[in-house]
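Raw input.txt, compact mmCIF, C-alpha atoms:
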```txt
# COMPACT_ATOMS: atom_id res chain seq x y z
CA MET H 1181 37.56 3.02 29.38
CA THR H 1182 38.57 -0.23 31.05
CA VAL H 1183 38.96 -0.63 34.80
CA GLU H 1184 42.70 -1.09 34.26
CA THR H 1185 42.99 2.27 32.48
CA TRP H 1186 40.99 3.96 35.23
CA GLN H 1187 43.19 2.34 37.88
CA GLU H 1188 46.30 3.53 36.02
CA GLN H 1189 44.95 7.09 35.99
CA LEU H 1190 44.25 6.92 39.72
CA ARG H 1191 47.79 5.69 40.33
CA ARG H 1192 49.32 8.45 38.24
CA GLY H 1193 47.20 11.05 39.95
CA GLY H 1194 48.13 9.78 43.38
CA ILE H 1195 51.85 9.13 43.00
CA GLU H 1196 52.92 12.76 43.27
CA LEU H 1197 50.93 13.28 46.48
CA ALA H 1198 52.28 9.98 47.82
CA ILE H 1199 55.88 11.03 47.16
CA LEU H 1200 55.37 14.36 48.92
CA LEU H 1201 53.81 12.56 51.89
CA ALA H 1202 56.76 10.15 52.00
CA VAL H 1203 59.23 13.00 52.50
CA ALA H 1204 56.94 15.15 54.65
CA SER H 1205 58.16 13.89 58.02
CA SER H 1206 61.86 13.49 57.22
CA PRO H 1207 64.24 13.59 54.25
CA ARG H 1208 64.44 10.36 52.23
CA TYR H 1209 66.49 9.08 49.31
CA GLY H 1210 64.93 7.53 46.18
CA LEU H 1211 64.92 3.89 47.22
CA SER H 1212 63.76 4.80 50.72
CA ILE H 1213 60.78 6.64 49.18
CA ILE H 1214 60.00 3.63 46.98
CA ARG H 1215 60.20 1.25 49.96
CA HIS H 1216 57.95 3.52 52.01
CA LEU H 1217 55.38 3.60 49.20
CA GLU H 1218 55.65 -0.16 48.73
CA GLU H 1219 54.98 -0.65 52.42
CA TYR H 1220 51.78 1.42 52.45
CA THR H 1221 50.52 1.46 48.85
CA ASP H 1222 50.77 -0.32 45.51
CA LEU H 1223 51.41 2.92 43.62
CA VAL H 1224 54.93 2.14 42.43
CA VAL H 1225 54.61 -0.18 39.45
CA THR H 1226 57.93 0.59 37.75
CA GLU H 1227 60.58 1.94 40.09
CA GLY H 1228 62.36 3.88 37.33
CA THR H 1229 59.41 6.21 36.87
CA VAL H 1230 59.74 7.59 40.42
CA TYR H 1231 63.07 9.28 39.68
CA PRO H 1232 61.85 11.50 36.81
CA ILE H 1233 59.00 12.66 39.09
CA LEU H 1234 61.50 13.45 41.85
CA ALA H 1235 63.63 15.36 39.31
CA ARG H 1236 60.60 17.39 38.19
CA LEU H 1237 59.48 18.18 41.72
CA THR H 1238 63.04 19.36 42.44
CA ARG H 1239 63.07 21.56 39.33
CA GLU H 1240 59.74 23.06 40.34
CA GLY H 1241 61.11 23.96 43.79
CA THR H 1242 58.78 21.58 45.63
CA LEU H 1243 61.64 19.35 46.81
CA LEU H 1244 65.24 20.06 47.67
CA ALA H 1245 67.79 17.41 46.67
CA GLU H 1246 71.15 16.89 48.32
CA TRP H 1247 73.81 14.22 47.78
CA VAL H 1248 75.11 12.55 50.94
CA PRO H 1249 78.30 10.72 49.94
CA ASP H 1250 79.47 8.93 53.07
CA GLU H 1251 76.39 7.54 54.79
CA ALA H 1252 76.35 4.24 52.91
CA PRO H 1253 78.74 2.33 50.62
CA HIS H 1254 77.13 4.29 47.77
CA PRO H 1255 76.22 7.98 47.75
CA ARG H 1256 72.55 8.70 48.35
CA LYS H 1257 70.53 11.60 47.04
CA TYR H 1258 68.20 12.84 49.77
CA TYR H 1259 65.00 14.76 49.08
CA ARG H 1260 63.13 17.00 51.47
CA LEU H 1261 60.18 19.36 51.21
CA THR H 1262 60.83 23.04 50.68
CA ALA H 1263 58.55 25.71 52.17
CA LYS H 1264 56.74 25.83 48.81
CA GLY H 1265 56.52 22.03 48.83
CA ARG H 1266 54.91 22.05 52.25
CA ARG H 1267 52.34 24.62 51.12
CA ASP H 1268 51.63 22.57 47.98
CA LEU H 1269 51.25 19.42 50.05
CA ASP H 1270 48.80 21.06 52.45
CA GLU H 1271 46.75 22.31 49.52
CA MET H 1272 46.81 18.93 47.77
CA LEU H 1273 45.79 17.15 50.98
CA GLY H 1274 42.87 19.54 51.37
CA HIS H 1275 41.69 18.80 47.82
CA TRP H 1276 42.24 15.08 48.28
CA THR H 1277 40.27 14.90 51.54
CA GLU H 1278 37.44 16.92 50.02
CA PHE H 1279 37.36 14.79 46.86
CA ALA H 1280 37.54 11.48 48.76
CA GLY H 1281 34.75 12.67 51.09
CA LYS H 1282 32.49 13.47 48.13
CA ILE H 1283 33.08 10.09 46.53
CA ASP H 1284 32.47 8.37 49.91
CA ARG H 1285 29.16 10.23 50.28
CA LEU H 1286 28.19 9.17 46.78
CA VAL H 1287 29.09 5.55 47.47
CA GLU H 1288 27.14 5.58 50.73
CA ALA H 1289 24.11 7.14 49.02
CA THR H 1290 24.22 4.51 46.27
CA ARG H 1291 24.58 1.66 48.75
CA GLY H 1292 21.68 3.03 50.78
CA LYS H 1293 19.41 3.03 47.72
CA THR H 1294 20.40 -0.45 46.55
CA ARG H 1295 19.82 -2.09 49.93
CA MET Q 1258 76.16 -8.53 47.78
CA LYS Q 1259 79.40 -8.23 45.84
CA LEU Q 1260 78.87 -8.73 42.14
CA SER Q 1261 80.89 -11.05 39.96
CA GLU Q 1262 82.51 -9.63 36.85
CA THR Q 1263 79.54 -10.79 34.76
CA GLY Q 1264 77.03 -9.14 37.08
CA GLU Q 1265 79.10 -5.95 37.18
CA THR Q 1266 79.23 -5.90 33.36
CA ARG Q 1267 75.45 -6.28 33.17
CA VAL Q 1268 74.88 -3.35 35.55
CA ARG Q 1269 77.43 -1.18 33.76
CA GLY Q 1270 75.78 -2.05 30.44
CA TYR Q 1271 72.39 -0.93 31.78
CA LEU Q 1272 73.86 2.33 33.06
CA PHE Q 1273 75.74 2.91 29.80
CA VAL Q 1274 72.56 2.57 27.71
CA LEU Q 1275 70.70 4.80 30.18
CA GLY Q 1276 73.47 7.44 30.05
CA GLN Q 1277 73.68 7.42 26.26
CA SER Q 1278 69.91 7.69 25.91
CA LEU Q 1279 69.71 10.54 28.42
CA GLN Q 1280 72.54 12.46 26.78
CA THR Q 1281 70.66 12.51 23.48
CA PHE Q 1282 68.23 15.04 24.88
CA LEU Q 1283 69.54 16.30 28.22
CA PRO Q 1284 72.50 18.48 29.17
CA GLY Q 1285 75.55 16.39 30.17
CA ASP Q 1286 75.55 17.31 33.88
CA VAL Q 1287 71.82 16.54 34.27
CA ALA Q 1288 72.25 13.17 32.51
CA ARG Q 1289 75.27 12.27 34.66
CA ASP Q 1290 73.40 13.17 37.86
CA ALA Q 1291 70.45 11.01 36.79
CA VAL Q 1292 72.72 8.05 36.01
CA ARG Q 1293 74.49 8.47 39.36
CA GLU Q 1294 71.16 8.35 41.17
CA ILE Q 1295 69.97 5.28 39.28
CA GLU Q 1296 73.33 3.57 39.96
CA SER Q 1297 72.95 4.35 43.65
CA HIS Q 1298 69.47 2.77 43.51
CA ILE Q 1299 70.76 -0.39 41.79
CA ARG Q 1300 73.72 -0.81 44.18
CA GLU Q 1301 71.46 -0.31 47.18
CA ARG Q 1302 68.94 -2.88 45.92
CA LEU Q 1303 71.73 -5.36 45.19
CA ASP Q 1304 73.34 -4.78 48.60
CA SER Q 1305 70.14 -5.78 50.33
CA ALA Q 1306 69.39 -8.69 47.98
CA ASP Q 1307 70.11 -12.33 48.73
CA PRO Q 1308 72.60 -13.58 46.12
CA GLN Q 1309 71.25 -17.12 46.41
CA PRO Q 1310 70.47 -19.12 44.39
CA ASP Q 1311 71.56 -17.21 41.32
CA GLU Q 1312 73.27 -13.82 41.10
CA ARG Q 1313 72.18 -13.35 37.51
CA GLU Q 1314 68.54 -13.79 38.47
CA VAL Q 1315 68.88 -11.19 41.25
CA VAL Q 1316 70.53 -8.63 38.95
CA GLU Q 1317 67.90 -9.16 36.26
CA ARG Q 1318 65.09 -8.79 38.80
CA VAL Q 1319 66.51 -5.52 40.14
CA LEU Q 1320 66.94 -4.10 36.63
CA GLN Q 1321 63.51 -5.31 35.57
CA GLU Q 1322 61.86 -3.60 38.54
CA LEU Q 1323 63.60 -0.41 37.52
CA GLY Q 1324 62.32 -0.71 33.95
CA PRO Q 1325 64.11 -0.77 30.58
CA PRO Q 1326 66.85 1.91 30.40
CA LEU Q 1327 65.36 3.42 27.25
CA ARG Q 1328 61.98 3.76 28.94
CA VAL Q 1329 63.47 5.38 32.04
CA ALA Q 1330 65.50 7.77 29.87
CA GLN Q 1331 62.43 8.55 27.81
CA VAL Q 1332 60.37 9.58 30.85
CA TYR Q 1333 63.27 11.57 32.32
CA SER Q 1334 64.16 13.45 29.16
CA ALA Q 1335 60.61 14.04 27.93
CA GLU Q 1336 59.58 15.61 31.25
CA LEU Q 1337 62.68 17.79 31.39
CA THR Q 1338 62.74 18.99 27.80
CA VAL Q 1339 59.02 19.80 27.86
CA ASP Q 1340 59.40 21.64 31.17
CA GLU Q 1341 62.34 23.63 29.81
CA ALA Q 1342 60.44 24.48 26.62
CA LEU Q 1343 57.39 25.73 28.51
CA THR Q 1344 59.37 27.60 31.15
CA THR Q 1345 61.70 29.43 28.77
CA GLY Q 1346 59.44 29.60 25.69
CA ARG Q 1347 62.59 29.63 23.53
CA ALA Q 1348 62.17 28.37 19.97
CA VAL Q 1349 65.15 26.00 20.20
CA ALA Q 1350 63.84 24.45 23.43
CA ILE Q 1351 60.37 24.06 21.92
CA LEU Q 1352 61.71 22.46 18.75
CA ARG Q 1353 63.85 20.09 20.83
CA ALA Q 1354 60.85 19.09 22.96
CA LEU Q 1355 58.72 18.54 19.83
CA TRP Q 1356 61.47 16.42 18.30
CA GLN Q 1357 61.71 14.41 21.52
CA LEU Q 1358 57.96 13.72 21.56
CA ALA Q 1359 57.87 13.06 17.81
CA THR Q 1360 60.43 10.29 18.19
CA THR Q 1361 58.79 8.67 21.22
CA THR Q 1362 54.99 9.00 21.00
CA VAL Q 1363 52.34 8.65 18.30
CA ALA Q 1364 50.46 11.80 19.34
CA GLY Q 1365 53.80 13.64 19.46
CA PHE Q 1366 54.68 12.47 15.96
CA ALA Q 1367 51.35 13.60 14.47
CA ALA Q 1368 51.32 16.96 16.24
CA SER Q 1369 55.00 17.63 15.56
CA LEU Q 1370 54.56 16.85 11.87
CA LEU Q 1371 51.86 19.53 11.61
CA LEU Q 1372 53.80 21.99 13.75
CA PHE Q 1373 57.09 21.50 11.86
CA MET Q 1374 55.13 22.14 8.65
CA GLY Q 1375 53.78 25.32 10.20
CA TYR Q 1376 57.27 26.48 11.15
CA ALA Q 1377 58.56 25.61 7.66
CA VAL Q 1378 55.76 27.52 5.92
CA GLY Q 1379 56.26 30.56 8.17
CA ALA Q 1380 60.02 30.53 7.67
CA SER Q 1381 59.54 30.19 3.88
CA PHE Q 1382 57.38 33.31 3.69
CA VAL Q 1383 59.91 35.25 5.75
CA ALA Q 1384 62.69 33.97 3.45
CA ILE Q 1385 60.71 35.16 0.40
CA ALA Q 1386 60.45 38.63 1.95
CA ALA Q 1387 64.19 38.63 2.64
CA LEU Q 1388 65.23 37.36 -0.80
CA LYS Q 1389 62.99 39.58 -2.93
CA PRO Q 1390 65.17 42.74 -2.72
CA VAL Q 1391 68.31 40.70 -3.48
CA PHE Q 1392 66.94 38.53 -6.33
CA PRO Q 1393 63.95 40.47 -7.71
CA ASN Q 1394 63.76 38.30 -10.86
CA ASN Q 1395 63.88 34.99 -9.00
CA VAL Q 1396 61.33 35.66 -6.26
CA GLY Q 1397 57.58 36.10 -6.66
CA LEU Q 1398 54.72 34.42 -8.52
CA PHE Q 1399 56.00 32.60 -11.62
CA VAL Q 1400 53.62 32.52 -14.56
CA VAL Q 1401 54.26 30.37 -17.64
CA ASP Q 1402 52.10 31.08 -20.73
CA GLY Q 1403 49.64 33.01 -18.57
CA VAL Q 1404 49.20 30.10 -16.16
CA PRO Q 1405 50.48 30.40 -12.56
CA HIS Q 1406 53.38 27.95 -12.18
CA SER Q 1407 54.74 28.43 -8.67
CA PHE Q 1408 55.23 30.91 -5.86
CA GLY Q 1409 58.47 31.46 -4.01
CA ALA Q 1410 62.13 31.66 -4.93
CA LEU Q 1411 63.50 29.66 -7.87
CA PHE Q 1412 67.13 29.55 -9.03
CA PRO Q 1413 66.96 29.58 -12.01
CA GLY Q 1414 63.31 30.32 -12.72
CA PRO Q 1415 61.34 28.06 -15.10
CA ALA Q 1416 62.07 28.58 -18.82
CA GLY Q 1417 59.86 31.24 -20.36
CA ALA Q 1418 58.42 32.21 -17.00
CA GLN Q 1419 57.36 35.70 -16.12
CA VAL Q 1420 57.73 36.87 -12.52
CA LEU Q 1421 54.67 38.64 -11.16
CA GLY Q 1422 54.76 40.57 -7.96
CA GLY Q 1423 56.76 43.64 -7.24
CA TYR Q 1424 58.28 44.73 -3.97
CA TRP Q 1425 54.79 44.85 -2.46
CA ILE Q 1426 55.07 41.09 -1.84
CA ILE Q 1427 57.70 41.84 0.82
CA PRO Q 1428 55.34 43.20 3.51
CA ILE Q 1429 52.69 40.63 2.61
CA SER Q 1430 55.14 37.70 2.81
CA LEU Q 1431 56.66 39.08 5.98
CA GLY Q 1432 53.22 39.52 7.59
CA VAL Q 1433 51.98 36.08 6.56
CA GLY Q 1434 55.28 34.47 7.57
CA LEU Q 1435 55.44 36.08 11.00
CA ALA Q 1436 51.75 35.42 11.67
CA THR Q 1437 52.23 31.76 10.73
CA LEU Q 1438 55.31 31.47 12.93
CA VAL Q 1439 53.57 33.07 15.91
CA ALA Q 1440 50.45 30.91 15.48
CA THR Q 1441 52.56 27.76 15.12
CA HIS Q 1442 54.65 28.67 18.15
CA ARG Q 1443 51.51 29.20 20.23
CA GLY Q 1444 50.15 25.91 18.92
CA ALA Q 1445 53.41 24.17 19.90
CA LYS Q 1446 53.28 25.59 23.43
CA GLY Q 1447 49.62 24.60 23.71
CA PHE Q 1448 50.41 21.06 22.61
CA LEU Q 1449 53.32 20.76 25.06
CA SER Q 1450 51.15 22.08 27.92
CA TRP Q 1451 48.46 19.56 27.03
CA TRP Q 1452 51.01 16.76 26.91
CA ARG Q 1453 52.47 17.72 30.29
CA GLU Q 1454 49.07 17.82 31.97
CA ARG Q 1455 48.10 14.53 30.39
CA ARG Q 1456 51.39 12.99 31.48
CA ARG Q 1457 50.83 14.02 35.06
CA GLY Q 1458 47.41 12.48 34.79
CA PHE Q 1459 45.66 14.59 37.39
CA PRO Q 1460 41.98 14.24 36.67
CA ARG Q 1461 40.42 17.67 36.36
CA LEU Q 1462 37.28 16.98 38.30
CA THR Q 1463 34.98 19.61 39.64
CA LEU Q 1464 32.12 18.36 41.75
CA ARG Q 1465 29.31 20.58 42.86
CA GLU Q 1466 28.26 20.52 46.50
CA PRO Q 1467 25.19 18.28 46.85
CA ALA Q 1468 21.86 20.03 47.41
CA ARG Q 1469 21.02 20.07 51.10
```
Show me the file's structure as structure tokens.
Amino acid sequence: MTVETWQEQLRRGGIELAILLAVASSPRYGLSIIRHLEEYTDLVVTEGTVYPILARLTREGTLLAEWVPDEAPHPRKYYRLTAKGRRDLDEMLGHWTEFAGKIDRLVEATRGKTR
Amino acid sequence: MKLSETGETRVRGYLFVLGQSLQTFLPGDVARDAVREIESHIRERLDSADPQPDEREVVERVLQELGPPLRVAQVYSAELTVDEALTTGRAVAILRALWQLATTTVAGFAASLLLFMGYAVGASFVAIAALKPVFPNNVGLFVVDGVPHSFGALFPGPAGAQVLGGYWIIPISLGVGLATLVATHRGAKGFLSWWRERRRGFPRLTLREPAR
């Protein structure tokens, strides 16, 4: 496996969590989510792939979607977390923190031995 | 940024291709909603873009960042059809999802080929069981000059052929056919589940706590 493939897998694994985090504090529409992710991460490679993920999360009941027609010159579809979405996000964050902590410990242990 | 007629035509062309591609596999209202959302995205990006020096360049950049319409439609429709197939478990939904993956991915083509063969074999055995009481002389094992020639239903049968197999082939064909259909259906659901997990790309990692 090349580093690029591994990086792609990390991105794919992280994008769903990143989207949920983007809408955790307040409802956002698609482009607003993309801009938020662009500001803090480099997870969005192709913007068009974010929308199918949003559609799936809505189907699964994790997000709630609502069209707002008169806020801008064009209607915007806003997404917000449902109660299930918030529970899923908390659980995912727990797993993520635990996983990242383990990898950090491993990295520290390896660095300590190589010094 | 207000688009010129050329720019507007380019955007409408993109949305048209996206809509047509989505409607191949998705229900009309779902496809229309998806196109509306993507259009909103494009308009919003263009509104905040600087039209200088070249409008065409700006439009192309916005569309390029979104990705080719066929690719976007592919991701949309594959996710939705596979989800629907796994959620409902209906044969039609599963066949549609398999067809979708067969036409868009190599793994989907290979797996779907095998699975469609499984469905065809299962359905053939069931058809044999159904046809035997109606056409007893055209359904069964055909033997020509003492050598087995073919098994199934033939209209008309081969010249000089003798049909072996009485009505007892009905329960056997029905059993084999249904078992094959059930096994293939389970295989199809397994493949779709695998594909969905792979698509989501969550690494299934389990790390043990380090020894203290």
I'd like the neighbourhood of Val1319 in chain Q as a PyMOL selection string, where a residue qualifies if any of its atoms comes within 8 Å (using all atoms listed in the file), though same-chain residues fewer than 2 positions away should be ignored. chain Q and resi 1299+1302-1303+1315-1317+1321-1323
Mind listing as a list in words which residues of chain H are within 7 Å of chain Q, counting all atoms listed in the file? Gln1189, Arg1192, Gly1193, Leu1211, Thr1226, Glu1227, Gly1228, Thr1229, Pro1232, His1254, Pro1255, Arg1256 and Lys1257 of chain H
Considering all atoms listed in the file, return as a list of chain:residue names whatever protein or nucleic-acid residues lie within 10 Å of Leu1237 in chain H, sequence-local ones (same chain, fewer than 3 positions apart) excluded.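 My list of contacting residues is H:Glu1196, H:Ile1199, H:Leu1200, H:Tyr1231, H:Pro1232, H:Ile1233, H:Leu1234, H:Glu1240, H:Gly1241, H:Thr1242, H:Leu1243, H:Leu1244, H:Ala1245, H:Tyr1259, H:Leu1261, H:Gly1265.
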Please list as an NGL selection string every residue within 9 Å of range 1262-1266 of chain Q, counting all atoms listed in the file and excluding residues in the same chain fewer than 5 positions away. :Q and (1271 or 1312-1313 or 1316)
Non-local contacts of Ala1359 in chain Q (7 Å; only C-alpha atoms; under 5 positions in same chain excluded) as a list in words: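 Counting only C-alpha atoms, the residues come to Gly1365, Phe1366 and Ser1369 of chain Q.
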Which polymer residues, protein or nucleic acid, are no farther than 10 Å from (57.2, 15.7, 14.7), counting only C-alpha atoms, as a ChimeraX atom specification? /Q:1352,1354-1374
From the list Q:Leu1411, Q:Ala1386, Q:Val1268, Q:Leu1343, the nearest residue to Trp1452 in chain Q using only C-alpha atoms is Q:Leu1343
Give me the residues near Ile1214 in chain H as a PyMOL selection string, where near means some atom within 8 Å (using all atoms listed in the file) and where sequence neighbours in that chain fewer than 3 positions away do not count. chain H and resi 1210-1211+1217-1218+1224+1227+1230
Under the rule that only C-alpha atoms are counted, which of Q:His1406, Q:Arg1353, Q:Lys1389, Q:Arg1267 is the nearest residue to Ala1445 in chain Q?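 So, comparing all the options, the nearest one is Q:Arg1353.
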Just give me the gap between CA of Thr1221 in chain H and CA of Val1287 in chain H in Å, one decimal is fine.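 Distance reported for this atom pair: 21.9 Å.
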Which distance in Å separates CA of Leu1273 in chain H and CA of Leu1201 in chain H, to one decimal?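 Those two atoms sit 9.3 Å apart.
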